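Trainee: Dropping in query.cif, with mmCIF, C-alpha atoms.
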```
data_coords
loop_
_atom_site.label_atom_id
_atom_site.label_comp_id
_atom_site.auth_asym_id
_atom_site.auth_seq_id
_atom_site.Cartn_x
_atom_site.Cartn_y
_atom_site.Cartn_z
CA MET E 1 143.94 27.54 1.76
CA ILE E 2 141.39 29.72 3.52
CA THR E 3 138.07 29.29 1.74
CA SER E 4 134.34 29.57 2.29
CA GLY E 5 134.12 25.94 1.13
CA TYR E 6 130.91 26.64 -0.77
CA LEU E 7 132.07 25.28 -4.14
CA LEU E 8 133.86 22.15 -2.90
CA ALA E 9 130.83 19.86 -2.99
CA GLU E 10 129.70 21.17 -6.39
CA ASP E 11 132.54 19.41 -8.22
CA PRO E 12 133.95 16.22 -6.61
CA ASP E 13 136.94 16.40 -8.99
CA LEU E 14 137.93 19.71 -7.41
CA VAL E 15 139.30 17.98 -4.31
CA GLN E 16 141.60 15.85 -6.46
CA LYS E 17 142.77 18.96 -8.32
CA LEU E 18 143.62 20.56 -4.97
CA LYS E 19 145.50 17.43 -3.95
CA ASP E 20 147.45 17.46 -7.22
CA SER E 21 148.33 21.10 -6.51
CA ARG E 22 149.77 20.01 -3.12
CA ILE E 23 147.17 21.96 -1.14
CA ASN E 24 146.29 19.75 1.80
CA TYR E 25 145.24 22.12 4.61
CA PHE E 26 142.02 24.15 4.62
CA GLN E 27 140.51 26.68 7.01
CA ILE E 28 136.74 26.89 6.57
CA THR E 29 134.24 28.92 8.57
CA LEU E 30 130.82 28.03 9.91
CA ASP E 31 129.18 30.72 12.03
CA GLY E 32 127.05 28.37 14.14
CA PRO E 33 124.19 25.91 13.50
CA PRO E 34 122.18 26.32 10.25
CA GLY E 35 119.70 28.92 11.48
CA VAL E 36 122.46 31.19 12.75
CA HIS E 37 124.95 30.57 9.95
CA ASN E 38 122.48 31.11 7.11
CA ARG E 39 121.45 34.51 8.51
CA ARG E 40 125.06 35.65 8.69
CA ARG E 41 126.71 33.96 5.69
CA MET E 42 124.39 34.47 2.76
CA LEU E 43 125.15 34.49 -0.96
CA LYS E 44 125.78 37.76 -2.76
CA SER E 45 122.41 37.32 -4.48
CA GLY E 46 120.79 36.93 -1.07
CA SER E 47 119.11 33.70 -2.12
CA GLY E 48 119.51 30.24 -0.67
CA PRO E 49 121.13 28.85 2.50
CA THR E 50 124.84 28.04 2.55
CA PHE E 51 125.32 25.84 5.63
CA ASP E 52 124.51 22.44 4.12
CA ARG E 53 126.75 22.89 1.08
CA ILE E 54 129.69 24.07 3.15
CA LEU E 55 129.23 21.13 5.54
CA ALA E 56 129.14 18.75 2.56
CA GLY E 57 132.42 20.25 1.35
CA ILE E 58 134.04 19.76 4.75
CA LYS E 59 132.92 16.11 4.78
CA LEU E 60 134.32 15.63 1.28
CA LEU E 61 137.71 17.00 2.34
CA ALA E 62 137.77 14.83 5.46
CA ALA E 63 136.83 11.73 3.43
CA ASN E 64 139.82 12.43 1.17
CA GLU E 65 142.16 12.72 4.20
CA MET E 66 142.65 16.44 3.77
CA GLU E 67 143.31 18.42 6.94
CA VAL E 68 140.47 20.77 7.88
CA SER E 69 140.54 23.55 10.46
CA LEU E 70 137.02 24.70 11.26
CA ARG E 71 136.76 28.29 12.45
CA ILE E 72 133.61 29.46 14.26
CA ASN E 73 133.50 33.27 14.18
CA VAL E 74 131.73 34.63 17.24
CA ASP E 75 130.42 37.96 18.46
CA ARG E 76 127.73 38.89 20.97
CA ALA E 77 124.98 37.96 18.50
CA ASN E 78 125.95 34.28 18.13
CA MET E 79 128.14 33.46 21.15
CA ASP E 80 125.41 31.44 22.83
CA GLU E 81 124.92 29.28 19.70
CA ALA E 82 128.53 28.19 19.08
CA LEU E 83 128.35 25.05 21.23
CA LYS E 84 125.23 23.83 19.39
CA LEU E 85 127.33 23.35 16.26
CA LEU E 86 129.24 20.55 17.98
CA ASP E 87 126.14 18.32 17.97
CA ILE E 88 125.92 18.62 14.18
CA LEU E 89 129.62 17.91 13.71
CA GLU E 90 129.36 14.81 15.89
CA GLU E 91 126.32 13.57 13.94
CA ASN E 92 128.36 13.91 10.74
CA ASN E 93 131.42 12.07 12.11
CA LEU E 94 133.57 15.20 12.13
CA LYS E 95 135.05 14.96 15.62
CA ASP E 96 138.58 14.55 14.23
CA ILE E 97 138.80 17.91 12.47
CA SER E 98 140.47 20.81 14.24
CA ILE E 99 137.98 23.33 15.66
CA HIS E 100 138.62 26.81 17.05
CA LEU E 101 136.80 30.06 17.75
CA GLY E 102 137.46 33.25 15.81
CA HIS E 103 137.02 36.60 17.56
CA VAL E 104 135.05 38.96 15.29
CA GLN E 105 136.62 42.42 15.51
CA ALA E 106 135.96 45.70 13.70
CA ASP E 107 139.44 46.32 12.31
CA THR E 108 138.60 48.38 9.21
CA GLU E 109 136.37 51.36 8.45
CA GLY E 110 133.99 49.08 6.58
CA CYS E 111 133.36 47.13 9.79
CA LYS E 112 132.59 50.07 12.08
CA SER E 113 128.84 49.43 11.83
CA ILE E 114 129.24 46.13 13.72
CA GLU E 115 131.69 47.40 16.34
CA SER E 116 129.07 47.50 19.11
CA SER E 117 128.19 43.84 18.59
CA CYS E 118 131.80 42.63 18.87
CA ALA E 119 132.61 40.82 22.10
CA SER E 120 135.26 42.28 24.36
CA MET E 121 138.47 40.30 24.82
CA GLU E 122 137.33 39.35 28.32
CA GLU E 123 133.97 38.07 27.01
CA PHE E 124 135.68 36.11 24.25
CA THR E 125 138.12 34.61 26.75
CA VAL E 126 135.33 33.28 28.97
CA LEU E 127 133.57 31.70 25.98
CA LYS E 128 136.79 30.19 24.65
CA GLN E 129 137.56 28.57 28.00
CA THR E 130 134.09 27.00 28.12
CA PHE E 131 134.41 25.91 24.49
CA HIS E 132 137.86 24.38 25.07
CA GLU E 133 136.62 22.41 28.08
CA THR E 134 133.59 21.16 26.15
CA LEU E 135 135.76 19.99 23.25
CA SER E 136 137.95 18.07 25.68
CA GLN E 137 135.03 16.47 27.52
CA ARG E 138 133.36 15.37 24.28
CA GLY E 139 136.51 13.99 22.68
CA PHE E 140 136.92 16.47 19.83
CA LYS E 141 140.39 16.82 18.32
CA THR E 142 141.23 20.30 19.60
CA GLY E 143 140.36 19.29 23.15
CA ARG E 144 143.17 16.75 23.23
CA THR E 145 145.98 19.31 22.77
CA PRO E 146 146.11 22.10 25.37
CA TYR E 147 147.69 25.29 24.09
CA TYR E 148 150.13 25.89 26.91
CA PRO E 149 153.14 25.81 26.95
CA ARG E 150 153.72 26.06 23.22
CA ILE E 151 154.31 29.56 21.80
CA SER E 152 151.21 31.02 20.24
CA HIS E 153 152.74 32.35 16.98
CA ALA E 154 149.96 34.93 17.02
CA CYS E 155 151.02 36.61 13.77
CA GLY E 156 151.85 34.48 10.74
CA ALA E 157 152.72 37.61 8.74
CA ASN E 158 155.95 37.96 10.73
CA ARG E 159 157.32 34.74 9.24
CA MET E 160 159.68 34.73 6.28
CA ASN E 161 157.75 32.27 4.12
CA ALA E 162 154.17 33.30 4.94
CA PHE E 163 152.14 35.00 2.20
CA VAL E 164 148.49 35.41 1.30
CA LEU E 165 147.16 35.73 -2.25
CA ASP E 166 144.11 37.41 -3.75
CA PRO E 167 142.32 36.19 -6.92
CA ASP E 168 144.52 38.48 -9.06
CA GLY E 169 147.69 36.80 -7.84
CA ASP E 170 148.70 39.81 -5.72
CA MET E 171 150.76 38.86 -2.68
CA TYR E 172 150.31 40.28 0.81
CA LYS E 173 151.83 39.47 4.17
CA CYS E 174 148.58 39.73 6.17
CA TRP E 175 145.09 38.50 5.32
CA SER E 176 143.63 41.73 6.74
CA GLU E 177 145.22 43.54 3.79
CA ILE E 178 143.71 41.36 1.06
CA GLY E 179 142.20 43.60 -1.65
CA ASP E 180 144.06 46.70 -0.47
CA LYS E 181 146.21 46.98 -3.59
CA PRO E 182 148.66 49.60 -2.24
CA ALA E 183 149.56 47.10 0.49
CA ARG E 184 150.64 44.33 -1.89
CA ILE E 185 154.25 43.13 -1.85
CA GLY E 186 154.32 41.52 -5.30
CA ASN E 187 152.41 39.33 -7.72
CA ILE E 188 152.96 35.63 -8.44
CA ALA E 189 151.97 36.03 -12.10
CA GLU E 190 154.25 38.98 -12.90
CA PHE E 191 157.81 37.88 -13.58
CA ARG E 192 159.49 41.16 -12.81
CA GLN E 193 161.77 42.67 -10.22
CA ARG E 194 159.77 43.90 -7.26
CA GLY E 195 159.82 47.62 -6.60
CA LYS E 196 161.41 49.20 -3.54
CA SER E 197 158.06 50.10 -2.00
CA GLU E 198 156.89 46.48 -2.23
CA ARG E 199 160.08 45.21 -0.62
CA MET E 200 159.87 47.79 2.16
CA ARG E 201 156.28 46.81 2.96
CA GLU E 202 157.42 43.21 3.39
CA ILE E 203 160.37 44.26 5.54
CA ARG E 204 158.07 46.20 7.85
CA TRP E 205 156.23 43.01 8.66
CA LEU E 206 159.39 40.96 9.13
CA THR E 207 160.94 43.50 11.50
CA TRP E 208 157.86 44.06 13.66
CA GLU E 209 158.23 42.65 17.16
CA PRO E 210 156.56 43.15 20.57
CA PHE E 211 159.81 43.98 22.36
CA GLU E 212 159.52 47.63 21.35
CA TYR E 213 156.49 48.10 23.62
CA ALA E 214 157.10 48.84 27.30
CA GLU E 215 153.84 47.18 28.37
CA CYS E 216 154.79 44.01 26.51
CA LEU E 217 158.20 43.88 28.19
CA ALA E 218 156.49 44.11 31.59
CA CYS E 219 153.91 41.42 30.76
CA LYS E 220 154.25 37.85 32.06
CA VAL E 221 152.67 36.27 28.96
CA LEU E 222 154.94 37.89 26.34
CA PRO E 223 156.91 34.73 25.48
CA VAL E 224 153.64 32.90 24.83
CA CYS E 225 151.57 35.51 22.99
CA MET E 226 154.48 37.29 21.23
CA GLY E 227 152.54 40.53 21.06
CA GLY E 228 149.34 39.27 19.48
CA CYS E 229 148.13 40.57 16.12
CA GLY E 230 150.74 42.66 14.32
CA TYR E 231 148.15 44.23 12.00
CA ARG E 232 146.11 45.53 14.91
CA ALA E 233 149.21 46.84 16.66
CA MET E 234 150.55 48.68 13.60
CA PHE E 235 147.43 49.90 11.84
CA VAL E 236 144.38 49.70 14.14
CA ASN E 237 145.79 50.56 17.56
CA LYS E 238 148.41 52.94 16.13
CA ASP E 239 151.54 51.32 17.57
CA ARG E 240 150.02 49.78 20.66
CA PRO E 241 150.11 45.99 21.22
CA ALA E 242 146.90 44.08 20.65
CA CYS E 243 146.59 41.98 23.80
CA VAL E 244 145.03 38.58 23.15
CA GLU E 245 143.02 36.24 25.35
CA TRP E 246 146.18 34.61 26.70
CA LYS E 247 146.42 37.54 29.10
CA HIS E 248 143.14 36.57 30.73
CA SER E 249 143.31 32.77 30.43
CA LEU E 250 146.87 31.60 31.09
CA GLU E 251 145.88 29.91 34.36
CA HIS E 252 143.11 28.03 32.55
CA TYR E 253 145.53 26.58 30.01
CA VAL E 254 148.16 25.73 32.63
CA ARG E 255 145.52 23.81 34.60
CA ALA E 256 144.31 22.08 31.41
CA ARG E 257 147.86 20.97 30.62
CA TYR E 258 148.33 19.73 34.18
CA ARG E 259 145.15 17.64 33.98
CA GLN E 260 146.23 16.17 30.65
CA GLU E 261 149.70 15.19 31.93
CA LYS E 262 148.18 13.74 35.09
CA ASN E 263 145.75 11.62 33.09
CA LEU E 264 148.52 10.38 30.79
CA LYS E 265 150.61 9.23 33.75
CA ALA E 266 147.59 7.50 35.25
CA GLU E 267 146.94 5.46 32.09
CA PRO E 268 148.16 1.83 32.35
CA LYS E 269 151.17 1.06 30.16
CA GLN E 270 150.63 -1.47 27.39
CA SER E 271 153.00 -4.42 27.35
#
```
Output the file's structure as structure tokens, nothing else.
Mentor:
Amino acid sequence: MITSGYLLAEDPDLVQKLKDSRINYFQITLDGPPGVHNRRRMLKSGSGPTFDRILAGIKLLAANEMEVSLRINVDRANMDEALKLLDILEENNLKDISIHLGHVQADTEGCKSIESSCASMEEFTVLKQTFHETLSQRGFKTGRTPYYPRISHACGANRMNAFVLDPDGDMYKCWSEIGDKPARIGNIAEFRQRGKSERMREIRWLTWEPFEYAECLACKVLPVCMGGCGYRAMFVNKDRPACVEWKHSLEHYVRARYRQEKNLKAEPKQS
């Protein structure tokens, strides 16, 4: 489940209900330390901070042995503050949750007003390398598992059994389409045969692949990145691949993997 996490701490019984529903993995976003996060992630009413309640929800999930993936969305306005959040997580005994950076991008018309504040892929790559190294040095969970050489699986929407749901029960293949009703591929509450247009929208996602792009075929990181974000390639870039930070950071991850393997071999074997 991808959630703001704001309501988790309000009702302790909610975590048990989620467990009973067999939901055991959560992606929750904090946009930096409290001062930064509260300016960016306010309530609809505009009143009250949100950081402390979301953090309390994350701690509640972790205490109940639920898997949490913390996403820190960054752009040029908060890039310099992302590392400060690690101090707070360490103080709250949250070093064992998965942590990663999210690249804020202006994909839709509604986001065009923030386009100038979005970091370039090169800028994001540099920050992510620094962040990855810091996680490793400080013993956070993500730092113990270098990305390379596993395949990135950049686009979950290309998988057969991957779906996202909106509050109305409408199904989509990609989370960037949530709320865009013409893009839905069905509804989990409507027991009816899906229409042809819904089936064709799903098929489009399942048949998308990077091998149709000449620049992907000539790229050395294709087997790792697998073309990046399918939504950006199909709808934002108008049938051009959306190159991801792998293209600028492969050497960094290869070196990180080398250091990890070297350290493992150097560790004394237990009898």
Trainee: Which neighbours of Leu135 in chain E fall inside 10 Å, counting all atoms listed in the file, when residues of the same chain fewer than 3 positions from it are skipped, and could you give them as a ChimeraX atom specification?
Mentor: /E:83,86,95,99-100,129-132,138-144
Trainee: For the residues selected in the previous step, produce a file with C-alpha atoms as a compact mmCIF listing (two decimals), keeping the file's coordinate frame.
Mentor:
```txt
# COMPACT_ATOMS: atom_id res chain seq x y z
CA LEU E 83 128.35 25.05 21.23
CA LEU E 86 129.24 20.55 17.98
CA LYS E 95 135.05 14.96 15.62
CA ILE E 99 137.98 23.33 15.66
CA HIS E 100 138.62 26.81 17.05
CA GLN E 129 137.56 28.57 28.00
CA THR E 130 134.09 27.00 28.12
CA PHE E 131 134.41 25.91 24.49
CA HIS E 132 137.86 24.38 25.07
CA ARG E 138 133.36 15.37 24.28
CA GLY E 139 136.51 13.99 22.68
CA PHE E 140 136.92 16.47 19.83
CA LYS E 141 140.39 16.82 18.32
CA THR E 142 141.23 20.30 19.60
CA GLY E 143 140.36 19.29 23.15
CA ARG E 144 143.17 16.75 23.23
```
Trainee: If we count only C-alpha atoms, what is near range 70-80 of chain E at a cut-off of 8 Å, once residues fewer than 6 positions away on the same chain are taken out, given as number ranges by chain?
Mentor: E: 27-32, 36, 97-104, 117-119, 127
Trainee: With C-alpha atoms retained, could you export that selection as a compact mmCIF listing (two decimals), in the coordinates of the input?
Mentor:
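Once everything was written out, this is part.txt:
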```
# COMPACT_ATOMS: atom_id res chain seq x y z
CA GLN E 27 140.51 26.68 7.01
CA ILE E 28 136.74 26.89 6.57
CA THR E 29 134.24 28.92 8.57
CA LEU E 30 130.82 28.03 9.91
CA ASP E 31 129.18 30.72 12.03
CA GLY E 32 127.05 28.37 14.14
CA VAL E 36 122.46 31.19 12.75
CA ILE E 97 138.80 17.91 12.47
CA SER E 98 140.47 20.81 14.24
CA ILE E 99 137.98 23.33 15.66
CA HIS E 100 138.62 26.81 17.05
CA LEU E 101 136.80 30.06 17.75
CA GLY E 102 137.46 33.25 15.81
CA HIS E 103 137.02 36.60 17.56
CA VAL E 104 135.05 38.96 15.29
CA SER E 117 128.19 43.84 18.59
CA CYS E 118 131.80 42.63 18.87
CA ALA E 119 132.61 40.82 22.10
CA LEU E 127 133.57 31.70 25.98
```
Trainee: Build an axis-aligned box that encloses every atom of range 53-68 of chain E listed in the file, pad it by 6 Å on each side, and report its centre and edge lengths in Å to one decimal, as lines of an AutoDock Vina configuration file.
Mentor:
```
center_x = 135.0
center_y = 17.9
center_z = 4.5
size_x = 28.6
size_y = 24.3
size_z = 18.8
```
Trainee: Pick the closest to Arg22 in chain E from E:Leu43, E:Ala256, E:Met66, E:Leu61: which is it, counting all atoms listed in the file?
Mentor: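 Answer, going by the shortest atom-to-atom distance: E:Met66.
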Trainee: Restricting the calculation to all atoms listed in the file, which member of E:His248, E:Arg53, E:Arg159, E:Arg41 is positioned closest to Cys225 in chain E?
Mentor: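 Smallest distance to Cys225 in chain E is found for E:His248.
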Trainee: Find the residues around Arg184 in chain E up to 7 Å (only C-alpha atoms counted), leave out those fewer than 4 positions away in its own chain, and share them as a list in words.
Mentor: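 So the residues in contact are Asp170, Met171, Tyr172 and Glu198 of chain E.
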Trainee: Between E:Asp180, E:Glu245, E:Asp13, E:Glu209, which has the minimum distance to Gly230 in chain E (counting all atoms listed in the file)?
Mentor: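 Of E:Asp180, E:Glu245, E:Asp13, E:Glu209, the one nearest Gly230 in chain E is E:Glu209, counting all atoms listed in the file.
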Trainee: What residues come out when you apply the PyMOL selection byres ((chain E and resi 178) around 12) to this file, written as number ranges by chain?
Mentor: E: 108, 163-177, 179-185
Trainee: Write out as a list in words the residues lying within 7 Å of Gly227 in chain E, counting only C-alpha atoms and excluding same-chain residues fewer than 5 positions away.
Mentor: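 Result of the neighbour search: Pro210, Cys216, Leu222, Pro241, Ala242 and Cys243 of chain E.
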Trainee: Between CA of Ser120 in chain E and CA of Asp107 in chain E, what distance in Å does the model show, to one decimal?
Mentor: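 Separation of CA of Ser120 in chain E and CA of Asp107 in chain E: 13.4 Å.
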Trainee: Pick from E:Arg201, E:Lys247, E:Lys196, E:Lys262: nearest to Pro223 in chain E, with all atoms listed in the file counted?
Mentor: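 The answer is E:Lys247, which sits nearest to Pro223 in chain E.
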Trainee: Rounded to one decimal, what separation in Å do you get between CA of Ala233 in chain E and CA of Arg204 in chain E?
Mentor: 12.5 Å
Trainee: Give me, please, the distance in Å between CA of Cys219 in chain E and CA of Trp246 in chain E, quoted to one decimal.
Mentor: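 Here the two named atoms are 11.1 Å from each other.
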Trainee: With distances taken over all atoms listed in the file, which residue among E:Glu81, E:Asp87, E:Asp96, E:Glu133 lies nearest Lys59 in chain E?
Mentor: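 Of E:Glu81, E:Asp87, E:Asp96, E:Glu133, the one nearest Lys59 in chain E is E:Asp96, counting all atoms listed in the file.
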